[in-house]
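Peer 1: I am sharing upload-v3.pdb, which consists of PDB, C-alpha atoms:
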```pdb
MODEL        1
ATOM      1  CA  MET A   1       0.000   0.000   0.000  1.00  0.00           C
ATOM      2  CA  GLU A   2       1.408   3.351  -1.062  1.00  0.00           C
ATOM      3  CA  ARG A   3       1.453   5.691   1.914  1.00  0.00           C
ATOM      4  CA  ALA A   4       1.572   9.460   1.495  1.00  0.00           C
ATOM      5  CA  VAL A   5       4.549  11.344   2.918  1.00  0.00           C
ATOM      6  CA  HIS A   6       2.723  12.480   6.062  1.00  0.00           C
ATOM      7  CA  ASP A   7       1.245   9.048   6.837  1.00  0.00           C
ATOM      8  CA  ARG A   8       4.256   7.711   8.675  1.00  0.00           C
ATOM      9  CA  GLY A   9       3.006   6.357  11.995  1.00  0.00           C
ATOM     10  CA  GLY A  10       5.067   3.278  12.822  1.00  0.00           C
ATOM     11  CA  SER A  11       7.554   3.773   9.998  1.00  0.00           C
ATOM     12  CA  PRO A  12      10.856   2.233  11.047  1.00  0.00           C
ATOM     13  CA  THR A  13      13.681   4.685  11.701  1.00  0.00           C
ATOM     14  CA  ASP A  14      16.918   4.847  13.613  1.00  0.00           C
ATOM     15  CA  ALA A  15      16.904   8.641  13.684  1.00  0.00           C
ATOM     16  CA  PRO A  16      16.859  10.107  17.194  1.00  0.00           C
ATOM     17  CA  ILE A  17      13.869  12.228  18.238  1.00  0.00           C
ATOM     18  CA  ASP A  18      14.816  15.862  18.798  1.00  0.00           C
ATOM     19  CA  ARG A  19      13.097  16.804  22.054  1.00  0.00           C
ATOM     20  CA  THR A  20      14.810  20.148  22.563  1.00  0.00           C
ATOM     21  CA  GLU A  21      12.536  23.153  23.105  1.00  0.00           C
ATOM     22  CA  HIS A  22      12.917  26.243  20.976  1.00  0.00           C
ATOM     23  CA  ASP A  23      11.372  29.692  20.768  1.00  0.00           C
ATOM     24  CA  LEU A  24       9.093  30.447  17.855  1.00  0.00           C
ATOM     25  CA  ALA A  25      10.125  33.134  15.403  1.00  0.00           C
ATOM     26  CA  ASP A  26       7.794  36.093  14.880  1.00  0.00           C
ATOM     27  CA  TRP A  27       6.776  34.821  11.436  1.00  0.00           C
ATOM     28  CA  GLU A  28       5.795  31.482  12.941  1.00  0.00           C
ATOM     29  CA  LEU A  29       3.483  33.168  15.468  1.00  0.00           C
ATOM     30  CA  THR A  30       2.037  35.220  12.618  1.00  0.00           C
ATOM     31  CA  MET A  31       1.532  32.068  10.551  1.00  0.00           C
ATOM     32  CA  ASP A  32      -0.375  30.472  13.413  1.00  0.00           C
ATOM     33  CA  ALA A  33      -2.588  33.540  13.821  1.00  0.00           C
ATOM     34  CA  LEU A  34      -3.146  33.779  10.064  1.00  0.00           C
ATOM     35  CA  VAL A  35      -4.318  30.181   9.737  1.00  0.00           C
ATOM     36  CA  GLY A  36      -6.612  30.743  12.727  1.00  0.00           C
ATOM     37  CA  ALA A  37      -8.069  33.818  11.042  1.00  0.00           C
ATOM     38  CA  LEU A  38      -8.490  31.984   7.717  1.00  0.00           C
ATOM     39  CA  GLY A  39     -10.480  29.311   9.560  1.00  0.00           C
ATOM     40  CA  GLU A  40     -12.607  31.860  11.432  1.00  0.00           C
ATOM     41  CA  THR A  41     -13.509  33.680   8.235  1.00  0.00           C
ATOM     42  CA  GLY A  42     -14.195  30.446   6.331  1.00  0.00           C
ATOM     43  CA  LEU A  43     -11.455  31.008   3.753  1.00  0.00           C
ATOM     44  CA  MET A  44      -9.481  27.862   4.590  1.00  0.00           C
ATOM     45  CA  ASN A  45     -10.478  25.069   6.966  1.00  0.00           C
ATOM     46  CA  VAL A  46      -8.185  22.659   8.798  1.00  0.00           C
ATOM     47  CA  ASP A  47      -8.894  19.812   6.363  1.00  0.00           C
ATOM     48  CA  GLU A  48      -7.770  22.011   3.485  1.00  0.00           C
ATOM     49  CA  LEU A  49      -4.675  23.005   5.487  1.00  0.00           C
ATOM     50  CA  ARG A  50      -3.855  19.322   5.980  1.00  0.00           C
ATOM     51  CA  ARG A  51      -4.462  18.503   2.304  1.00  0.00           C
ATOM     52  CA  GLY A  52      -2.130  21.328   1.352  1.00  0.00           C
ATOM     53  CA  ILE A  53       0.585  20.003   3.668  1.00  0.00           C
ATOM     54  CA  GLU A  54       0.143  16.467   2.353  1.00  0.00           C
ATOM     55  CA  SER A  55       0.591  17.681  -1.214  1.00  0.00           C
ATOM     56  CA  MET A  56       4.144  18.871  -0.589  1.00  0.00           C
ATOM     57  CA  PRO A  57       6.801  17.155  -2.690  1.00  0.00           C
ATOM     58  CA  ARG A  58       8.427  14.510  -0.488  1.00  0.00           C
ATOM     59  CA  GLU A  59      11.825  16.173  -0.313  1.00  0.00           C
ATOM     60  CA  GLU A  60      10.357  19.556   0.615  1.00  0.00           C
ATOM     61  CA  TYR A  61       8.101  17.969   3.215  1.00  0.00           C
ATOM     62  CA  GLU A  62      11.012  16.158   4.818  1.00  0.00           C
ATOM     63  CA  THR A  63      13.167  19.272   5.144  1.00  0.00           C
ATOM     64  CA  ALA A  64      10.454  21.827   5.977  1.00  0.00           C
ATOM     65  CA  THR A  65       9.729  22.882   9.535  1.00  0.00           C
ATOM     66  CA  TYR A  66       6.250  22.731  11.057  1.00  0.00           C
ATOM     67  CA  TYR A  67       5.198  26.269  10.119  1.00  0.00           C
ATOM     68  CA  GLU A  68       6.968  26.155   6.760  1.00  0.00           C
ATOM     69  CA  ARG A  69       4.494  23.383   5.939  1.00  0.00           C
ATOM     70  CA  TRP A  70       1.613  25.619   7.042  1.00  0.00           C
ATOM     71  CA  LEU A  71       2.931  28.415   4.830  1.00  0.00           C
ATOM     72  CA  PHE A  72       3.212  26.076   1.836  1.00  0.00           C
ATOM     73  CA  ALA A  73      -0.355  24.852   2.395  1.00  0.00           C
ATOM     74  CA  ALA A  74      -1.889  28.303   2.910  1.00  0.00           C
ATOM     75  CA  GLU A  75      -0.252  29.642  -0.248  1.00  0.00           C
ATOM     76  CA  LYS A  76      -1.415  26.622  -2.252  1.00  0.00           C
ATOM     77  CA  ILE A  77      -5.025  26.613  -0.991  1.00  0.00           C
ATOM     78  CA  LEU A  78      -5.484  30.385  -1.249  1.00  0.00           C
ATOM     79  CA  GLY A  79      -4.002  30.229  -4.750  1.00  0.00           C
ATOM     80  CA  GLU A  80      -6.459  27.495  -5.747  1.00  0.00           C
ATOM     81  CA  LYS A  81      -9.334  29.641  -4.530  1.00  0.00           C
ATOM     82  CA  GLY A  82      -8.119  32.705  -6.374  1.00  0.00           C
ATOM     83  CA  ILE A  83      -7.639  34.639  -3.135  1.00  0.00           C
ATOM     84  CA  LEU A  84      -3.946  34.920  -3.953  1.00  0.00           C
ATOM     85  CA  ALA A  85      -2.940  35.537  -7.546  1.00  0.00           C
ATOM     86  CA  PRO A  86      -0.076  33.452  -8.998  1.00  0.00           C
ATOM     87  CA  GLY A  87       3.212  35.031  -7.926  1.00  0.00           C
ATOM     88  CA  GLU A  88       1.465  37.603  -5.729  1.00  0.00           C
ATOM     89  CA  LEU A  89       3.297  36.631  -2.546  1.00  0.00           C
ATOM     90  CA  ASP A  90       6.701  36.582  -4.248  1.00  0.00           C
ATOM     91  CA  LEU A  91       6.014  39.994  -5.749  1.00  0.00           C
ATOM     92  CA  ARG A  92       4.961  41.457  -2.403  1.00  0.00           C
ATOM     93  CA  VAL A  93       8.004  39.996  -0.666  1.00  0.00           C
ATOM     94  CA  ALA A  94      10.321  41.403  -3.335  1.00  0.00           C
ATOM     95  CA  THR A  95       8.982  44.948  -3.145  1.00  0.00           C
TER      96      THR A  95
ATOM     97  CA  MET B   1     -25.318   3.523  13.879  1.00  0.00           C
ATOM     98  CA  ARG B   2     -23.716   0.585  12.116  1.00  0.00           C
ATOM     99  CA  PHE B   3     -21.383  -0.630  14.847  1.00  0.00           C
ATOM    100  CA  ALA B   4     -21.718  -1.090  18.602  1.00  0.00           C
ATOM    101  CA  ALA B   5     -19.189  -1.199  21.434  1.00  0.00           C
ATOM    102  CA  GLY B   6     -17.510  -4.598  21.587  1.00  0.00           C
ATOM    103  CA  GLN B   7     -18.076  -5.389  17.923  1.00  0.00           C
ATOM    104  CA  ALA B   8     -15.212  -6.866  15.895  1.00  0.00           C
ATOM    105  CA  VAL B   9     -14.305  -4.744  12.891  1.00  0.00           C
ATOM    106  CA  ARG B  10     -11.689  -4.572  10.182  1.00  0.00           C
ATOM    107  CA  VAL B  11     -10.408  -1.348   8.657  1.00  0.00           C
ATOM    108  CA  SER B  12     -10.716  -1.201   4.893  1.00  0.00           C
ATOM    109  CA  ALA B  13      -7.415  -1.502   3.036  1.00  0.00           C
ATOM    110  CA  ARG B  14      -8.768   0.228  -0.068  1.00  0.00           C
ATOM    111  CA  SER B  15      -6.665   2.760  -1.851  1.00  0.00           C
ATOM    112  CA  HIS B  16      -7.615   6.406  -1.343  1.00  0.00           C
ATOM    113  CA  PRO B  17      -5.164   8.839  -2.910  1.00  0.00           C
ATOM    114  CA  GLY B  18      -6.968  11.963  -1.638  1.00  0.00           C
ATOM    115  CA  HIS B  19      -6.954  13.491   1.828  1.00  0.00           C
ATOM    116  CA  HIS B  20      -8.240  11.141   4.524  1.00  0.00           C
ATOM    117  CA  ARG B  21      -7.642  10.614   8.202  1.00  0.00           C
ATOM    118  CA  THR B  22      -7.287   6.837   8.401  1.00  0.00           C
ATOM    119  CA  PRO B  23      -3.691   6.048   9.387  1.00  0.00           C
ATOM    120  CA  GLY B  24      -1.930   3.615   7.070  1.00  0.00           C
ATOM    121  CA  TYR B  25      -0.867   1.411   9.953  1.00  0.00           C
ATOM    122  CA  VAL B  26      -4.462   0.399  10.784  1.00  0.00           C
ATOM    123  CA  LYS B  27      -5.601  -0.291   7.213  1.00  0.00           C
ATOM    124  CA  GLY B  28      -6.540  -3.930   6.774  1.00  0.00           C
ATOM    125  CA  LYS B  29      -6.149  -4.517  10.531  1.00  0.00           C
ATOM    126  CA  ARG B  30      -8.690  -6.060  12.913  1.00  0.00           C
ATOM    127  CA  GLY B  31      -9.905  -4.241  15.994  1.00  0.00           C
ATOM    128  CA  ILE B  32     -12.753  -3.969  18.481  1.00  0.00           C
ATOM    129  CA  VAL B  33     -15.093  -0.970  18.706  1.00  0.00           C
ATOM    130  CA  GLU B  34     -14.343   0.678  22.050  1.00  0.00           C
ATOM    131  CA  ARG B  35     -17.245   3.104  21.679  1.00  0.00           C
ATOM    132  CA  ALA B  36     -19.138   5.151  19.121  1.00  0.00           C
ATOM    133  CA  HIS B  37     -18.375   8.838  19.551  1.00  0.00           C
ATOM    134  CA  VAL B  38     -21.412  10.950  20.430  1.00  0.00           C
ATOM    135  CA  GLY B  39     -22.739  12.903  17.478  1.00  0.00           C
ATOM    136  CA  GLU B  40     -21.675  13.095  13.850  1.00  0.00           C
ATOM    137  CA  PHE B  41     -18.732  14.818  12.230  1.00  0.00           C
ATOM    138  CA  THR B  42     -18.033  16.561   8.941  1.00  0.00           C
ATOM    139  CA  ASN B  43     -16.206  14.453   6.394  1.00  0.00           C
ATOM    140  CA  PRO B  44     -12.574  15.593   6.012  1.00  0.00           C
ATOM    141  CA  GLU B  45     -12.349  13.733   2.689  1.00  0.00           C
ATOM    142  CA  THR B  46     -14.740  16.224   1.064  1.00  0.00           C
ATOM    143  CA  ARG B  47     -14.224  19.203   3.373  1.00  0.00           C
ATOM    144  CA  ALA B  48     -10.575  19.278   2.270  1.00  0.00           C
ATOM    145  CA  TYR B  49     -11.757  20.125  -1.260  1.00  0.00           C
ATOM    146  CA  ASP B  50     -13.761  23.327  -0.855  1.00  0.00           C
ATOM    147  CA  ASP B  51     -16.866  21.463   0.327  1.00  0.00           C
ATOM    148  CA  ASP B  52     -18.818  21.776   3.582  1.00  0.00           C
ATOM    149  CA  GLY B  53     -18.149  18.128   4.519  1.00  0.00           C
ATOM    150  CA  THR B  54     -21.801  17.095   4.755  1.00  0.00           C
ATOM    151  CA  PRO B  55     -23.452  14.683   5.211  1.00  0.00           C
ATOM    152  CA  GLU B  56     -21.842  14.290   8.627  1.00  0.00           C
ATOM    153  CA  LEU B  57     -20.536  10.849   9.530  1.00  0.00           C
ATOM    154  CA  ARG B  58     -20.319   8.553  12.525  1.00  0.00           C
ATOM    155  CA  LEU B  59     -16.910   8.203  14.141  1.00  0.00           C
ATOM    156  CA  TYR B  60     -15.720   5.342  16.331  1.00  0.00           C
ATOM    157  CA  LEU B  61     -12.963   4.846  18.840  1.00  0.00           C
ATOM    158  CA  VAL B  62     -11.403   1.516  17.849  1.00  0.00           C
ATOM    159  CA  ARG B  63      -9.042  -0.635  19.918  1.00  0.00           C
ATOM    160  CA  PHE B  64      -6.286  -2.569  18.177  1.00  0.00           C
ATOM    161  CA  ASP B  65      -3.949  -5.094  19.752  1.00  0.00           C
ATOM    162  CA  GLN B  66      -0.384  -3.904  19.265  1.00  0.00           C
ATOM    163  CA  THR B  67       0.491  -7.430  18.164  1.00  0.00           C
ATOM    164  CA  GLU B  68      -2.071  -7.029  15.341  1.00  0.00           C
ATOM    165  CA  LEU B  69      -0.529  -3.756  14.157  1.00  0.00           C
ATOM    166  CA  TRP B  70       3.184  -4.485  14.319  1.00  0.00           C
ATOM    167  CA  PRO B  71       4.757  -7.709  13.102  1.00  0.00           C
ATOM    168  CA  GLY B  72       7.147  -9.011  15.737  1.00  0.00           C
ATOM    169  CA  TYR B  73       5.834  -6.639  18.432  1.00  0.00           C
ATOM    170  CA  ALA B  74       8.027  -7.239  21.461  1.00  0.00           C
ATOM    171  CA  GLY B  75       5.940  -5.531  24.160  1.00  0.00           C
ATOM    172  CA  ALA B  76       3.305  -7.042  26.433  1.00  0.00           C
ATOM    173  CA  GLU B  77       0.662  -9.114  24.676  1.00  0.00           C
ATOM    174  CA  GLU B  78      -2.171  -7.099  26.270  1.00  0.00           C
ATOM    175  CA  ASP B  79      -0.849  -3.780  24.915  1.00  0.00           C
ATOM    176  CA  TYR B  80      -3.307  -1.977  22.676  1.00  0.00           C
ATOM    177  CA  LEU B  81      -3.739   1.234  20.677  1.00  0.00           C
ATOM    178  CA  LEU B  82      -6.867   3.403  20.459  1.00  0.00           C
ATOM    179  CA  THR B  83      -7.597   5.557  17.448  1.00  0.00           C
ATOM    180  CA  ASP B  84     -10.586   7.213  15.772  1.00  0.00           C
ATOM    181  CA  VAL B  85     -11.907   5.710  12.538  1.00  0.00           C
ATOM    182  CA  PHE B  86     -14.815   6.986  10.460  1.00  0.00           C
ATOM    183  CA  GLU B  87     -17.692   4.572   9.863  1.00  0.00           C
ATOM    184  CA  HIS B  88     -17.138   4.290   6.121  1.00  0.00           C
ATOM    185  CA  TRP B  89     -13.654   2.895   6.706  1.00  0.00           C
ATOM    186  CA  LEU B  90     -14.931   0.044   8.905  1.00  0.00           C
ATOM    187  CA  GLU B  91     -16.192  -3.372   7.867  1.00  0.00           C
ATOM    188  CA  GLU B  92     -17.738  -6.117   9.995  1.00  0.00           C
ATOM    189  CA  ASP B  93     -15.153  -8.720  10.961  1.00  0.00           C
ATOM    190  CA  ALA B  94     -17.081 -11.970  11.123  1.00  0.00           C
TER     191      ALA B  94
ENDMDL
END
```
Translate this file's structure into structure tokens.
Peer 2:
Amino acid sequence: MERAVHDRGGSPTDAPIDRTEHDLADWELTMDALVGALGETGLMNVDELRRGIESMPREEYETATYYERWLFAAEKILGEKGILAPGELDLRVAT
Amino acid sequence: MRFAAGQAVRVSARSHPGHHRTPGYVKGKRGIVERAHVGEFTNPETRAYDDDGTPELRLYLVRFDQTELWPGYAGAEEDYLLTDVFEHWLEEDA
């Protein structure tokens, strides 16, 4: 059975679990608030967020942090819905 | 409600490429219904695709023996795992 990249419960690994605590960056707090607001306003629900995360290319998924996955998903879902135009975020970041 | 507490069930092993919440490690595995959750819940498999997720579905807490889930499980024989499974992923296990 082909399992998607996120569906990894019980997958064998010898990699140690990193249990160290770390502070969240400002953008990560903003990302959390943004996804909360998108849910409240009905623009993106949690199932869509999860689908967006699960659609990440395997290599990107594996190297992305928790909130980087949220950012990927939000950009994808809002793009699908036409709320963000293609390239709009990149343009805004560049200017 | 299709299933009752104590009933033997098997999780469907069917392929489902889209978003769904059934963990791969329980697919095709046999378990016992611990209890039916109260109420009904929107369907994440449609709600993930710009849909309202209705009709709402029954959700069950299912108990699996760890020895059923993991080949060569080395822990205690009575160890078990509880997880939520939507009704349409469950089949009667005669």
Peer 1: Distance CA of Leu61 in chain B-CA of Asp7 in chain A, one decimal place?
Peer 2: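 According to the coordinates, CA of Leu61 in chain B and CA of Asp7 in chain A are separated by 19.1 Å.
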Peer 1: Could you tell me which residues the PyMOL selection byres ((chain B) within 12 of (chain A)) grabs in this file, written as a ChimeraX atom specification?
Peer 2: /B:12-28,42-53,66,69-71,73,81,83
Peer 1: In terms of the shortest atom-to-atom distance over only C-alpha atoms, which of B:Asp65, B:Gly75, B:Ala94, B:Glu87 is closest to Phe3 in chain B?
Peer 2: B:Glu87
Peer 1: What is the CA of Thr95 in chain A to CA of Glu60 in chain A distance in Å?
Peer 2: 25.7 Å
Peer 1: One number please: CA of Pro57 in chain A to CA of Gly87 in chain A, in Å, one decimal.
Peer 2: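 CA of Gly87 in chain A lies 19.0 Å from CA of Pro57 in chain A.
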Peer 1: Please determine, counting all atoms listed in the file, which residue among A:Glu21, A:Glu75, A:Leu34, A:Glu59 has the shortest atom-to-atom distance to Asp90 in chain A.
Peer 2: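 Checking each of A:Glu21, A:Glu75, A:Leu34, A:Glu59 against Asp90 in chain A, counting all atoms listed in the file, the winner is A:Glu75.
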Peer 1: Just checking: using all atoms listed in the file, which residue out of B:Ala74, B:Trp89, B:Arg10, B:Ala5 ends up closest to His37 in chain B?
Peer 2: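 Closest residue, counting all atoms listed in the file: B:Ala5.
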Peer 1: Can you turn the PyMOL selection byres ((chain B and resi 34) around 9) into a concrete residue list for this file, as a PyMOL selection string?
Peer 2: chain B and resi 4-7+31-33+35-36+60-63+82
Peer 1: Determine the residue set returned by the PyMOL selection byres ((chain B and resi 92) around 7) for the present structure, and present it as an MDAnalysis selection string.
Peer 2: chainID B and resid 8:10 90:91 93:94
Peer 1: From the set A:Asp23, A:Asp32, A:Thr13, A:Leu38, which residue has the shortest atom-to-atom contact distance to Trp70 in chain A, counting only C-alpha atoms?
Peer 2: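 Among the listed residues, the smallest separation from Trp70 in chain A belongs to A:Asp32.
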Peer 1: Produce the centre coordinates and the three edge lengths, each in Å to one decimal, of the box along x, y and z that contains all listed atoms of range 89-93 of chain A with 5 Å added on each side, as JSON.
Peer 2:
```
{"center_x": 5.7, "center_y": 39.0, "center_z": -3.2, "size_x": 14.7, "size_y": 14.9, "size_z": 15.1}
```
